[in-house]
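Below: one structure, written as structure tokens.
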Amino acid sequence: MDADTRRAWVDIDLGALLRNARTLASRAGKPLLPMVKADAYGLGAVKVARALEALRPWGFGVATVREGEELRAAGIRRPILVFTPLFFTEFADVRRLGLTPTLGAPAAIQAWAESGGGDWHLAVDTGMSRAGIPWFAIGQVTELVQRTPPSGAFTHFHSSERNDGSLEVQQGRFREAIGALGTVPPLLHAENSPAIERQSPSPWSLVRPGVFLYGVGGGDGSVASPENVANLRARVVEVRRVRDGETVSYSATYRAVGERRIATVAAGYADGYRRSLSNCGTALVRGHRVPVAGLVTMDMTMIDVTDAACDVGDVATLMGRDGDEVLDVIDVARTADVSPYELLVGLKLRASRRYFGGEE
């Protein structure tokens, strides 16, 4: 075994990532603006962006200037949009790196213009109440927009995975706001992954896929399912017999009923495997499902392999595929009572990464 697989690691299937991206591009019929913020949802922004270059996306989306700088340093030359509000002191770095800010507050638009201007996208809040100019207050920026026209405008859906009518309401508000500007920016974008899944083709210029690329999808009304991309694996480092009535892990929350065979796996919550999976999670060993036994600890997790073949050195899959069995990100997240976004982002904590697949 190599150094990367002696303990815990994440196998990342770039081929599946590309197939997921192609699925959404085909549905949308418009260029992609893939979101690679938070280190590509924990899977490695540079590797992911380089793989997605095979699809010739319009550009990439990040959350911070530092994330954009990492992509520029790696040689990514396509447009990079920064989607969180910026401090005015960051404008110089944005220009130096050739990034595109997203602005919504009148003071920010004015400061951008006065500090030299350049490409920017107007952020319109249609119900998220997080950032951007509220759609009903668009008149506050119309004069600024006329003087310093944005190269694009966008909004963000808060519940596009639901069939509750909110997507249609927000799209209507976005159209209303754009119509009130007096001039339509060249690029308009609104759809995140669930919205692309639910409506086709896109009525906008670009689409912004995120979590679907990384293997999470399937909200209400979805007609597309992503392939699994991320696989959290770890070595079995010890196997022992536990007698009837003996306990496993902290707080003795697991007590053996009859003699059990317990394997210790070299991954814990410091590797992104959530503590809330204690006594309820499932692992795959040699393609068989086995339960987590006791509390997940920082560096190790115990699994009950009484009914499965398992030896020291075997690989346990804590999330992802092993043979015909798959521990889907959504299912693991549901068991852990966390968002699948949180589960993916947590994979960047300590486990090493291995990449396979790629341009197809």
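Please note that chains go A, B, ... in the order of the structure tokens, that every chain numbers its residues from 1, and that ligands are numbered from 1 in the order shown.
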| message | I'd like the neighbourhood of Met319 in chain A as a ChimeraX atom specification, where a residue qualifies if any of its atoms comes within 10 Å (using only C-alpha atoms), though same-chain residues fewer than 2 positions away should be ignored. | response | /A:10,228,230-233,273,281-284,316-317,321-322,326-333,343
Could you save the residues just selected, with N, CA and C atoms, as a compact mmCIF listing (two decimals), in the first residue's frame?
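This is the output file part-v4.txt:
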# COMPACT_ATOMS: atom_id res chain seq x y z
N VAL A 10 -9.81 9.72 0.53
CA VAL A 10 -11.02 9.91 -0.27
C VAL A 10 -10.66 9.62 -1.72
N ASN A 228 -22.21 8.67 -8.14
CA ASN A 228 -21.38 8.85 -6.95
C ASN A 228 -19.98 9.33 -7.35
N ALA A 230 -17.57 10.88 -4.57
CA ALA A 230 -16.66 10.85 -3.42
C ALA A 230 -16.80 9.54 -2.65
N ASN A 231 -15.67 8.91 -2.34
CA ASN A 231 -15.66 7.65 -1.61
C ASN A 231 -14.69 7.76 -0.44
N LEU A 232 -15.21 7.78 0.77
CA LEU A 232 -14.36 7.85 1.97
C LEU A 232 -13.99 6.44 2.39
N ARG A 233 -12.70 6.17 2.41
CA ARG A 233 -12.22 4.83 2.73
C ARG A 233 -11.17 4.89 3.84
N TYR A 273 -15.78 11.87 9.05
CA TYR A 273 -16.83 10.88 9.34
C TYR A 273 -17.54 11.31 10.61
N GLY A 281 -24.46 4.37 11.90
CA GLY A 281 -23.86 4.38 10.58
C GLY A 281 -23.62 2.98 10.03
N THR A 282 -23.28 2.94 8.75
CA THR A 282 -23.00 1.67 8.07
C THR A 282 -21.70 1.82 7.28
N ALA A 283 -20.91 0.76 7.27
CA ALA A 283 -19.70 0.71 6.44
C ALA A 283 -19.81 -0.46 5.48
N LEU A 284 -18.97 -0.43 4.46
CA LEU A 284 -18.88 -1.54 3.51
C LEU A 284 -17.51 -2.20 3.64
N ALA A 316 -12.21 -0.45 4.48
CA ALA A 316 -13.61 -0.19 4.81
C ALA A 316 -14.05 1.09 4.09
N THR A 317 -15.19 1.04 3.42
CA THR A 317 -15.75 2.21 2.77
C THR A 317 -16.83 2.79 3.68
N ARG A 321 -18.84 3.83 -2.92
CA ARG A 321 -19.10 2.54 -3.57
C ARG A 321 -18.05 1.49 -3.22
N ASP A 322 -18.53 0.27 -2.99
CA ASP A 322 -17.67 -0.90 -2.87
C ASP A 322 -18.39 -2.04 -3.59
N VAL A 326 -23.52 0.72 -2.55
CA VAL A 326 -23.19 2.14 -2.48
C VAL A 326 -23.80 2.74 -1.22
N LEU A 327 -22.98 3.46 -0.47
CA LEU A 327 -23.46 4.29 0.63
C LEU A 327 -23.56 5.71 0.08
N ASP A 328 -24.74 6.05 -0.39
CA ASP A 328 -24.96 7.32 -1.05
C ASP A 328 -24.76 8.49 -0.09
N VAL A 329 -24.21 9.60 -0.61
CA VAL A 329 -23.96 10.78 0.22
C VAL A 329 -25.24 11.23 0.92
N ILE A 330 -26.34 11.25 0.19
CA ILE A 330 -27.60 11.71 0.79
C ILE A 330 -28.03 10.78 1.91
N ASP A 331 -27.90 9.47 1.72
CA ASP A 331 -28.32 8.53 2.75
C ASP A 331 -27.43 8.62 3.98
N VAL A 332 -26.12 8.74 3.78
CA VAL A 332 -25.21 8.88 4.92
C VAL A 332 -25.51 10.17 5.67
N ALA A 333 -25.75 11.25 4.92
CA ALA A 333 -26.06 12.53 5.56
C ALA A 333 -27.37 12.46 6.33
N LEU A 343 -21.49 17.23 4.86
CA LEU A 343 -20.77 15.97 4.84
C LEU A 343 -19.63 16.01 3.84
| task | Write out as a PyMOL selection string each polymer residue whose atoms come within 7 Å of Gly287 in chain A, counting only C-alpha atoms; drop sequence neighbours fewer than 2 positions from it. | result | chain A and resi 284-285+289+322-325
| task | Name the residues in contact with Ser202 in chain A at a cut-off of 9 Å, using only C-alpha atoms, excluding same-chain residues fewer than 5 positions from it; report them as a PyMOL selection string. | result | chain A and resi 27-30+191+196+207
Write out, as a PDB file, in the first residue's frame, the residues just selected, with N, CA and C atoms.
ATOM      1  N   ARG A  27     -29.277  19.099 -20.085  1.00  0.00           N
ATOM      2  CA  ARG A  27     -30.604  19.553 -19.672  1.00  0.00           C
ATOM      3  C   ARG A  27     -30.736  21.059 -19.851  1.00  0.00           C
ATOM      4  N   ALA A  28     -29.714  21.805 -19.445  1.00  0.00           N
ATOM      5  CA  ALA A  28     -29.811  23.267 -19.457  1.00  0.00           C
ATOM      6  C   ALA A  28     -29.745  23.837 -20.862  1.00  0.00           C
ATOM      7  N   GLY A  29     -28.909  23.247 -21.707  1.00  0.00           N
ATOM      8  CA  GLY A  29     -28.707  23.797 -23.042  1.00  0.00           C
ATOM      9  C   GLY A  29     -27.989  25.133 -23.027  1.00  0.00           C
ATOM     10  N   LYS A  30     -27.312  25.436 -21.933  1.00  0.00           N
ATOM     11  CA  LYS A  30     -26.581  26.698 -21.776  1.00  0.00           C
ATOM     12  C   LYS A  30     -25.211  26.419 -21.163  1.00  0.00           C
ATOM     13  N   GLU A 191     -29.989  29.504 -11.978  1.00  0.00           N
ATOM     14  CA  GLU A 191     -30.252  28.121 -11.600  1.00  0.00           C
ATOM     15  C   GLU A 191     -29.066  27.431 -10.926  1.00  0.00           C
ATOM     16  N   ILE A 196     -31.749  23.175 -12.172  1.00  0.00           N
ATOM     17  CA  ILE A 196     -31.418  22.594 -13.480  1.00  0.00           C
ATOM     18  C   ILE A 196     -32.065  21.221 -13.607  1.00  0.00           C
ATOM     19  N   VAL A 207     -25.882  28.558 -16.348  1.00  0.00           N
ATOM     20  CA  VAL A 207     -26.396  27.843 -15.181  1.00  0.00           C
ATOM     21  C   VAL A 207     -25.238  27.579 -14.219  1.00  0.00           C
TER      22      VAL A 207
END
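The closest residue to Leu55 in chain A, picked from A:Ser249, A:Thr100, A:Asn163, A:Asn20 and counting only C-alpha atoms, is A:Asn20.
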| Picked from range 21-264 of chain A by DSSP as helix (DSSP H, G or I), as a PyMOL selection string | chain A and resi 21-28+37-41+45-55+65-73+88-97+106-114+135-140+142-147+166-180+193-198+211-214+250-252
| query | If we count only C-alpha atoms, what is near Gly272 in chain A at a cut-off of 6 Å, once residues fewer than 3 positions away on the same chain are taken out, given as a PyMOL selection string? | reply | chain A and resi 269+346-347
| message | Would you pick out the contacts of range 254-259 of chain A at 9 Å or less, using only C-alpha atoms, so that residues sharing its chain but fewer than 4 positions from it are not included, and give the list as JSON, numbers by chain? | response | {"A": [241, 242, 243, 244, 245, 246, 247, 248, 249, 250, 279, 293, 294, 295, 306]}
How would the residues just chosen look if you wrote them out with C-alpha atoms as a PDB file, in the first residue's frame?
ATOM      1  CA  ARG A 241     -13.345 -10.645  19.728  1.00  0.00           C
ATOM      2  CA  VAL A 242     -15.645  -8.916  22.192  1.00  0.00           C
ATOM      3  CA  ARG A 243     -17.390 -11.088  24.768  1.00  0.00           C
ATOM      4  CA  ASP A 244     -21.070 -10.949  25.622  1.00  0.00           C
ATOM      5  CA  GLY A 245     -21.812  -7.847  27.702  1.00  0.00           C
ATOM      6  CA  GLU A 246     -18.539  -6.031  26.968  1.00  0.00           C
ATOM      7  CA  THR A 247     -18.613  -2.437  25.742  1.00  0.00           C
ATOM      8  CA  VAL A 248     -17.094  -0.603  22.787  1.00  0.00           C
ATOM      9  CA  SER A 249     -15.829   2.993  22.593  1.00  0.00           C
ATOM     10  CA  TYR A 250     -16.404   6.056  24.769  1.00  0.00           C
ATOM     11  CA  ASN A 279     -24.214   3.339  16.578  1.00  0.00           C
ATOM     12  CA  ALA A 293     -20.388  -0.080  16.854  1.00  0.00           C
ATOM     13  CA  GLY A 294     -20.129   2.554  19.577  1.00  0.00           C
ATOM     14  CA  LEU A 295     -19.189   6.216  19.398  1.00  0.00           C
ATOM     15  CA  THR A 306     -19.266 -10.598  13.058  1.00  0.00           C
TER      16      THR A 306
END
| message | List as a ChimeraX atom specification the protein and nucleic acid residues near Gly179 in chain A, meaning an atom at most 12 Å away when only C-alpha atoms are counted, but skip any in the same chain fewer than 2 places from it. | response | /A:135-136,138-139,142,153,172-177,181-185
Write out the residues from the selection above, keeping N, CA and C atoms, as a tab-separated table (two decimals), in the first residue's frame.
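Output file again-v1.tsv follows:
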chain	number	residue	atom	x	y	z
A	135	TRP	N	-35.24	42.66	-4.78
A	135	TRP	CA	-35.89	42.90	-6.08
A	135	TRP	C	-36.84	44.08	-6.03
A	136	PHE	N	-37.46	44.30	-4.87
A	136	PHE	CA	-38.43	45.40	-4.76
A	136	PHE	C	-37.76	46.75	-4.55
A	138	ILE	N	-34.96	47.64	-6.40
A	138	ILE	CA	-34.02	47.75	-7.52
A	138	ILE	C	-33.83	49.20	-7.96
A	139	GLY	N	-34.81	50.04	-7.68
A	139	GLY	CA	-34.69	51.45	-8.05
A	139	GLY	C	-33.52	52.15	-7.36
A	142	THR	N	-30.61	51.60	-10.01
A	142	THR	CA	-30.78	51.77	-11.46
A	142	THR	C	-29.87	52.86	-12.02
A	153	ALA	N	-26.03	39.69	-14.30
A	153	ALA	CA	-26.88	39.81	-13.13
A	153	ALA	C	-27.40	38.42	-12.78
A	172	GLY	N	-39.91	34.99	-11.30
A	172	GLY	CA	-40.74	36.13	-11.65
A	172	GLY	C	-40.22	37.43	-11.05
A	173	ARG	N	-39.77	37.37	-9.82
A	173	ARG	CA	-39.19	38.55	-9.17
A	173	ARG	C	-37.91	38.98	-9.87
A	174	PHE	N	-37.10	38.01	-10.29
A	174	PHE	CA	-35.85	38.33	-10.99
A	174	PHE	C	-36.16	39.02	-12.32
A	175	ARG	N	-37.12	38.49	-13.06
A	175	ARG	CA	-37.51	39.13	-14.32
A	175	ARG	C	-38.01	40.56	-14.09
A	176	GLU	N	-38.79	40.72	-13.03
A	176	GLU	CA	-39.32	42.05	-12.69
A	176	GLU	C	-38.18	43.01	-12.40
A	177	ALA	N	-37.19	42.56	-11.63
A	177	ALA	CA	-36.07	43.42	-11.28
A	177	ALA	C	-35.24	43.78	-12.50
A	181	LEU	N	-34.47	47.67	-14.54
A	181	LEU	CA	-33.14	48.27	-14.62
A	181	LEU	C	-33.02	49.29	-15.75
A	182	GLY	N	-33.79	49.10	-16.79
A	182	GLY	CA	-33.69	49.98	-17.94
A	182	GLY	C	-32.73	49.47	-18.99
A	183	THR	N	-31.81	48.60	-18.60
A	183	THR	CA	-30.88	47.96	-19.54
A	183	THR	C	-30.64	46.55	-19.06
A	184	VAL	N	-30.66	45.60	-19.95
A	184	VAL	CA	-30.51	44.19	-19.57
A	184	VAL	C	-29.04	43.80	-19.67
A	185	PRO	N	-28.43	43.35	-18.57
A	185	PRO	CA	-27.03	42.90	-18.63
A	185	PRO	C	-26.88	41.74	-19.62
| Between CA of Ala309 in chain A and CA of Arg7 in chain A, what is the distance, to one decimal in Å? |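 These atoms are spaced 19.7 Å apart.
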